Amino acid sequence: MKKIILLIIGITCSLLLFAQQYTIQGKVEDKKLNKTTVYLYKYSDLLSSVEDFKKENFTVIDSTTIQNNQFRFQNKLPKDHPVLCLLYVPAMQFPFQVALETGTIEVEILKGGSNVPYYSTLKGTSINNDLDIYLLKTIREITKLTNEIEGNSDAQKFQEILEILTKISNELKTNASTLVNKYIEFNPLGEQLLLTFFPLLDKEDIDLLKPKLSKETLKKLDKKEKDMKDQLQNFPSPF
(Lines give C-alpha, C1' and ligand atoms only; values in the text may rest on other atoms or scores of the structure.)
Protein backbone atom coordinates (compact mmCIF):
# COMPACT_ATOMS: atom_id res chain seq x y z
CA MET A 1 0.00 0.00 0.00
CA LYS A 2 2.83 2.35 0.94
CA LYS A 3 4.54 1.70 -2.42
CA ILE A 4 1.31 2.49 -4.29
CA ILE A 5 0.91 5.79 -2.40
CA LEU A 6 4.53 6.74 -3.13
CA LEU A 7 4.03 5.83 -6.79
CA ILE A 8 0.91 8.02 -7.00
CA ILE A 9 2.76 10.91 -5.34
CA GLY A 10 5.67 10.46 -7.76
CA ILE A 11 3.40 10.46 -10.81
CA THR A 12 1.51 13.53 -9.52
CA CYS A 13 4.74 15.45 -8.94
CA SER A 14 5.96 14.54 -12.43
CA LEU A 15 2.71 15.76 -13.99
CA LEU A 16 2.86 19.03 -12.03
CA LEU A 17 6.46 19.57 -13.13
CA PHE A 18 5.53 18.92 -16.77
CA ALA A 19 2.58 21.31 -16.46
CA GLN A 20 5.00 24.11 -15.49
CA GLN A 21 7.29 23.61 -18.50
CA TYR A 22 7.36 24.96 -22.01
CA THR A 23 8.93 23.29 -25.02
CA ILE A 24 9.81 25.06 -28.27
CA GLN A 25 10.38 22.61 -31.10
CA GLY A 26 11.85 24.31 -34.15
CA LYS A 27 12.46 23.36 -37.77
CA VAL A 28 14.37 25.32 -40.41
CA GLU A 29 14.10 24.94 -44.17
CA ASP A 30 17.54 26.30 -45.07
CA LYS A 31 20.47 23.94 -44.40
CA LYS A 32 22.75 27.00 -44.27
CA LEU A 33 21.31 27.76 -40.83
CA ASN A 34 22.75 24.56 -39.34
CA LYS A 35 25.26 25.27 -36.54
CA THR A 36 23.67 28.71 -36.09
CA THR A 37 22.73 29.84 -32.59
CA VAL A 38 19.07 30.55 -31.81
CA TYR A 39 18.33 32.96 -28.97
CA LEU A 40 15.38 33.53 -26.67
CA TYR A 41 15.41 37.09 -25.36
CA LYS A 42 13.44 38.72 -22.59
CA TYR A 43 10.67 40.65 -24.31
CA SER A 44 10.97 44.26 -25.37
CA ASP A 45 8.18 46.06 -27.20
CA LEU A 46 10.81 47.72 -29.38
CA LEU A 47 11.08 45.50 -32.46
CA SER A 48 14.22 46.68 -34.21
CA SER A 49 16.15 45.92 -37.35
CA VAL A 50 19.08 43.54 -37.02
CA GLU A 51 21.57 46.41 -36.67
CA ASP A 52 19.61 48.19 -33.94
CA PHE A 53 18.62 44.92 -32.29
CA LYS A 54 22.24 43.87 -31.79
CA LYS A 55 23.04 47.20 -30.13
CA GLU A 56 20.35 46.77 -27.48
CA ASN A 57 21.24 45.12 -24.19
CA PHE A 58 18.54 42.48 -24.35
CA THR A 59 18.55 39.79 -21.67
CA VAL A 60 19.16 36.28 -22.99
CA ILE A 61 16.74 33.74 -21.50
CA ASP A 62 18.19 30.74 -23.29
CA SER A 63 20.08 29.74 -26.42
CA THR A 64 20.57 26.59 -28.48
CA THR A 65 22.15 25.48 -31.76
CA ILE A 66 20.44 24.39 -34.98
CA GLN A 67 21.45 20.84 -35.88
CA ASN A 68 20.03 18.73 -38.71
CA ASN A 69 17.63 21.58 -39.52
CA GLN A 70 16.11 21.45 -36.02
CA PHE A 71 16.41 23.17 -32.65
CA ARG A 72 14.74 22.75 -29.28
CA PHE A 73 14.19 24.69 -26.07
CA GLN A 74 12.74 23.15 -22.92
CA ASN A 75 12.63 24.98 -19.64
CA LYS A 76 10.58 25.87 -16.60
CA LEU A 77 7.96 28.55 -17.15
CA PRO A 78 8.59 31.93 -15.51
CA LYS A 79 6.61 32.61 -12.34
CA ASP A 80 4.46 35.13 -14.21
CA HIS A 81 3.09 33.60 -17.39
CA PRO A 82 1.91 33.51 -20.12
CA VAL A 83 4.64 35.92 -21.17
CA LEU A 84 6.08 37.02 -24.49
CA CYS A 85 9.71 36.56 -25.42
CA LEU A 86 11.63 37.26 -28.61
CA LEU A 87 13.02 34.39 -30.68
CA TYR A 88 15.96 35.44 -32.81
CA VAL A 89 18.17 33.78 -35.40
CA PRO A 90 20.94 36.19 -36.52
CA ALA A 91 20.33 35.37 -40.20
CA MET A 92 16.74 36.63 -39.90
CA GLN A 93 16.01 40.30 -40.45
CA PHE A 94 13.82 40.60 -37.37
CA PRO A 95 13.19 38.76 -34.09
CA PHE A 96 9.61 37.61 -33.57
CA GLN A 97 7.26 37.11 -30.63
CA VAL A 98 6.68 33.74 -29.00
CA ALA A 99 4.43 33.26 -25.96
CA LEU A 100 5.88 31.07 -23.22
CA GLU A 101 3.03 28.87 -22.00
CA THR A 102 2.48 25.25 -21.02
CA GLY A 103 2.85 22.76 -23.85
CA THR A 104 4.85 22.27 -27.02
CA ILE A 105 5.26 25.31 -29.25
CA GLU A 106 6.15 24.51 -32.86
CA VAL A 107 8.26 27.04 -34.77
CA GLU A 108 9.18 26.81 -38.44
CA ILE A 109 11.65 29.13 -40.15
CA LEU A 110 11.18 29.18 -43.93
CA LYS A 111 13.06 30.74 -46.82
CA GLY A 112 11.87 34.17 -47.92
CA GLY A 113 13.53 36.16 -50.69
CA SER A 114 16.34 38.57 -51.45
CA ASN A 115 14.86 41.45 -49.47
CA VAL A 116 13.54 39.52 -46.45
CA PRO A 117 15.52 36.25 -46.32
CA TYR A 118 13.42 34.29 -43.81
CA TYR A 119 9.97 34.24 -42.25
CA SER A 120 8.40 32.16 -39.49
CA THR A 121 5.30 30.21 -38.48
CA LEU A 122 3.97 29.38 -35.01
CA LYS A 123 1.55 26.74 -33.76
CA GLY A 124 0.93 24.18 -31.04
CA THR A 125 -0.47 26.18 -28.11
CA SER A 126 -3.52 28.44 -27.94
CA ILE A 127 -1.80 31.82 -27.58
CA ASN A 128 0.88 31.02 -30.15
CA ASN A 129 -1.81 29.86 -32.58
CA ASP A 130 -3.40 33.30 -32.19
CA LEU A 131 -0.05 35.08 -32.59
CA ASP A 132 0.39 33.25 -35.89
CA ILE A 133 -3.15 33.94 -37.14
CA TYR A 134 -3.33 37.61 -36.11
CA LEU A 135 0.31 38.68 -36.40
CA LEU A 136 2.79 36.40 -38.17
CA LYS A 137 0.38 35.55 -41.01
CA THR A 138 0.14 39.25 -41.83
CA ILE A 139 3.92 39.64 -41.57
CA ARG A 140 4.34 36.69 -43.95
CA GLU A 141 2.06 38.37 -46.48
CA ILE A 142 3.99 41.64 -46.18
CA THR A 143 7.28 39.71 -46.52
CA LYS A 144 6.08 38.05 -49.72
CA LEU A 145 4.97 41.34 -51.24
CA THR A 146 8.15 43.13 -50.16
CA ASN A 147 10.20 40.49 -51.94
CA GLU A 148 7.99 40.83 -55.04
CA ILE A 149 8.52 44.60 -55.12
CA GLU A 150 12.30 44.15 -55.06
CA GLY A 151 13.59 44.68 -58.58
CA ASN A 152 10.09 44.81 -60.14
CA SER A 153 9.98 47.44 -62.90
CA ASP A 154 6.39 46.74 -63.98
CA ALA A 155 4.50 49.91 -62.96
CA GLN A 156 1.06 48.25 -63.04
CA LYS A 157 2.26 45.29 -60.96
CA PHE A 158 3.96 47.68 -58.54
CA GLN A 159 0.70 49.61 -58.07
CA GLU A 160 -1.23 46.37 -57.47
CA ILE A 161 1.26 45.32 -54.80
CA LEU A 162 1.03 48.71 -53.07
CA GLU A 163 -2.77 48.43 -52.96
CA ILE A 164 -2.53 44.95 -51.43
CA LEU A 165 0.02 46.23 -48.88
CA THR A 166 -2.39 49.00 -47.87
CA LYS A 167 -5.18 46.45 -47.38
CA ILE A 168 -2.91 44.19 -45.31
CA SER A 169 -1.80 47.16 -43.17
CA ASN A 170 -5.45 47.87 -42.36
CA GLU A 171 -5.95 44.21 -41.48
CA LEU A 172 -2.96 44.42 -39.14
CA LYS A 173 -4.72 47.19 -37.20
CA THR A 174 -7.82 45.04 -36.80
CA ASN A 175 -5.76 42.00 -35.82
CA ALA A 176 -3.75 43.97 -33.26
CA SER A 177 -6.98 45.15 -31.66
CA THR A 178 -8.29 41.56 -31.54
CA LEU A 179 -5.11 40.27 -29.86
CA VAL A 180 -4.93 43.04 -27.27
CA ASN A 181 -8.61 42.84 -26.35
CA LYS A 182 -8.57 39.05 -26.10
CA TYR A 183 -5.56 38.86 -23.78
CA ILE A 184 -5.61 42.19 -21.91
CA GLU A 185 -6.44 40.45 -18.61
CA PHE A 186 -3.66 37.84 -19.00
CA ASN A 187 -0.64 39.16 -17.14
CA PRO A 188 2.02 39.99 -18.13
CA LEU A 189 1.01 39.03 -21.70
CA GLY A 190 -1.81 41.56 -21.98
CA GLU A 191 0.36 44.50 -20.97
CA GLN A 192 3.10 43.42 -23.37
CA LEU A 193 0.68 43.23 -26.29
CA LEU A 194 -0.86 46.59 -25.40
CA LEU A 195 2.47 48.43 -25.12
CA THR A 196 3.63 46.87 -28.40
CA PHE A 197 0.56 47.53 -30.52
CA PHE A 198 -1.04 50.64 -28.99
CA PRO A 199 0.12 52.81 -31.95
CA LEU A 200 -2.15 50.66 -34.16
CA LEU A 201 -5.19 51.00 -31.88
CA ASP A 202 -7.88 53.64 -32.29
CA LYS A 203 -8.36 56.12 -29.45
CA GLU A 204 -11.83 54.68 -28.80
CA ASP A 205 -10.32 51.21 -28.48
CA ILE A 206 -7.71 52.40 -25.96
CA ASP A 207 -10.34 54.30 -23.95
CA LEU A 208 -12.41 51.11 -23.61
CA LEU A 209 -9.34 49.19 -22.45
CA LYS A 210 -8.20 51.70 -19.82
CA PRO A 211 -10.71 50.68 -17.08
CA LYS A 212 -9.25 47.15 -17.24
CA LEU A 213 -5.66 48.32 -16.71
CA SER A 214 -3.73 48.52 -13.46
CA LYS A 215 -2.34 51.88 -12.30
CA GLU A 216 1.16 50.70 -13.20
CA THR A 217 0.13 49.73 -16.74
CA LEU A 218 -1.71 53.04 -17.18
CA LYS A 219 1.46 54.92 -16.23
CA LYS A 220 3.49 52.91 -18.73
CA LEU A 221 0.89 53.52 -21.45
CA ASP A 222 0.79 57.27 -20.72
CA LYS A 223 4.58 57.42 -21.00
CA LYS A 224 4.53 55.47 -24.27
CA GLU A 225 1.90 57.80 -25.71
CA LYS A 226 3.86 60.88 -24.62
CA ASP A 227 7.12 59.50 -26.05
CA MET A 228 5.43 58.78 -29.37
CA LYS A 229 3.97 62.31 -29.56
CA ASP A 230 7.40 63.80 -28.81
CA GLN A 231 8.99 61.69 -31.54
CA LEU A 232 6.37 62.79 -34.07
CA GLN A 233 6.89 66.46 -33.14
CA ASN A 234 10.65 66.13 -33.52
CA PHE A 235 10.33 64.30 -36.83
CA PRO A 236 11.69 66.59 -39.57
CA SER A 237 9.08 67.94 -41.97
CA PRO A 238 9.55 66.97 -45.64
CA PHE A 239 8.46 70.49 -46.64
# chains A, B, ... in the order shown; residues from 1 in each chain; ligands from 1
call {"tool": "residues_around", "arguments": {"residues": "Lys42 (chain A)", "least_positions_apart": "4", "cutoff": "7 Å", "atoms": "only C-alpha atoms", "output": "ChimeraX atom specification"}}
result
/A:58-61,85-86
call {"tool": "select_by_dssp", "arguments": {"residues": "region 24-147 of chain A", "states": "strand (DSSP E)", "output": "NGL selection string"}}
result
:A and (24-28 or 37-42 or 60-65 or 70-76 or 83-88 or 96-100 or 103-111 or 118-123)
call {"tool": "residues_around", "arguments": {"residues": "Asn181 (chain A)", "least_positions_apart": "3", "cutoff": "9 Å", "atoms": "only C-alpha atoms", "output": "ChimeraX atom specification"}}
result
/A:176-178,184-185,190,194,205,209
call {"tool": "select_by_dssp", "arguments": {"residues": "region 70-206 of chain A", "states": "helix (DSSP H, G or I)", "output": "ChimeraX atom specification"}}
result
/A:126-149,155-183,189-200,203-206
call {"tool": "atom_distance", "arguments": {"atom1": "CA of Ala99 (chain A)", "atom2": "CA of Arg72 (chain A)"}}
result
15.1 Å
call {"tool": "atom_distance", "arguments": {"atom1": "CA of Thr217 (chain A)", "atom2": "CA of Leu172 (chain A)"}}
result
23.2 Å
call {"tool": "atom_distance", "arguments": {"atom1": "CA of Tyr41 (chain A)", "atom2": "CA of Gly124 (chain A)"}}
result
20.2 Å
call {"tool": "closest_residue", "arguments": {"among": "A:Tyr43, A:Thr196, A:Ile149, A:Tyr22", "to": "Pro95 (chain A)", "atoms": "only C-alpha atoms"}}
result
A:Tyr43
call {"tool": "residues_around", "arguments": {"residues": "Asp62 (chain A)", "least_positions_apart": "6", "cutoff": "10 Å", "atoms": "only C-alpha atoms", "output": "number ranges by chain"}}
result
A: 38-42, 73-75, 87
call {"tool": "closest_residue", "arguments": {"among": "A:Leu131, A:Leu195, A:Ala155, A:Lys182", "to": "Leu218 (chain A)", "atoms": "only C-alpha atoms"}}
result
A:Leu195
call {"tool": "closest_residue", "arguments": {"among": "A:Glu191, A:Tyr119, A:Asp230, A:Gly113", "to": "Ser214 (chain A)", "atoms": "only C-alpha atoms"}}
result
A:Glu191
call {"tool": "closest_residue", "arguments": {"among": "A:Leu201, A:Leu77, A:Leu145, A:Leu221", "to": "Glu101 (chain A)", "atoms": "only C-alpha atoms"}}
result
A:Leu77
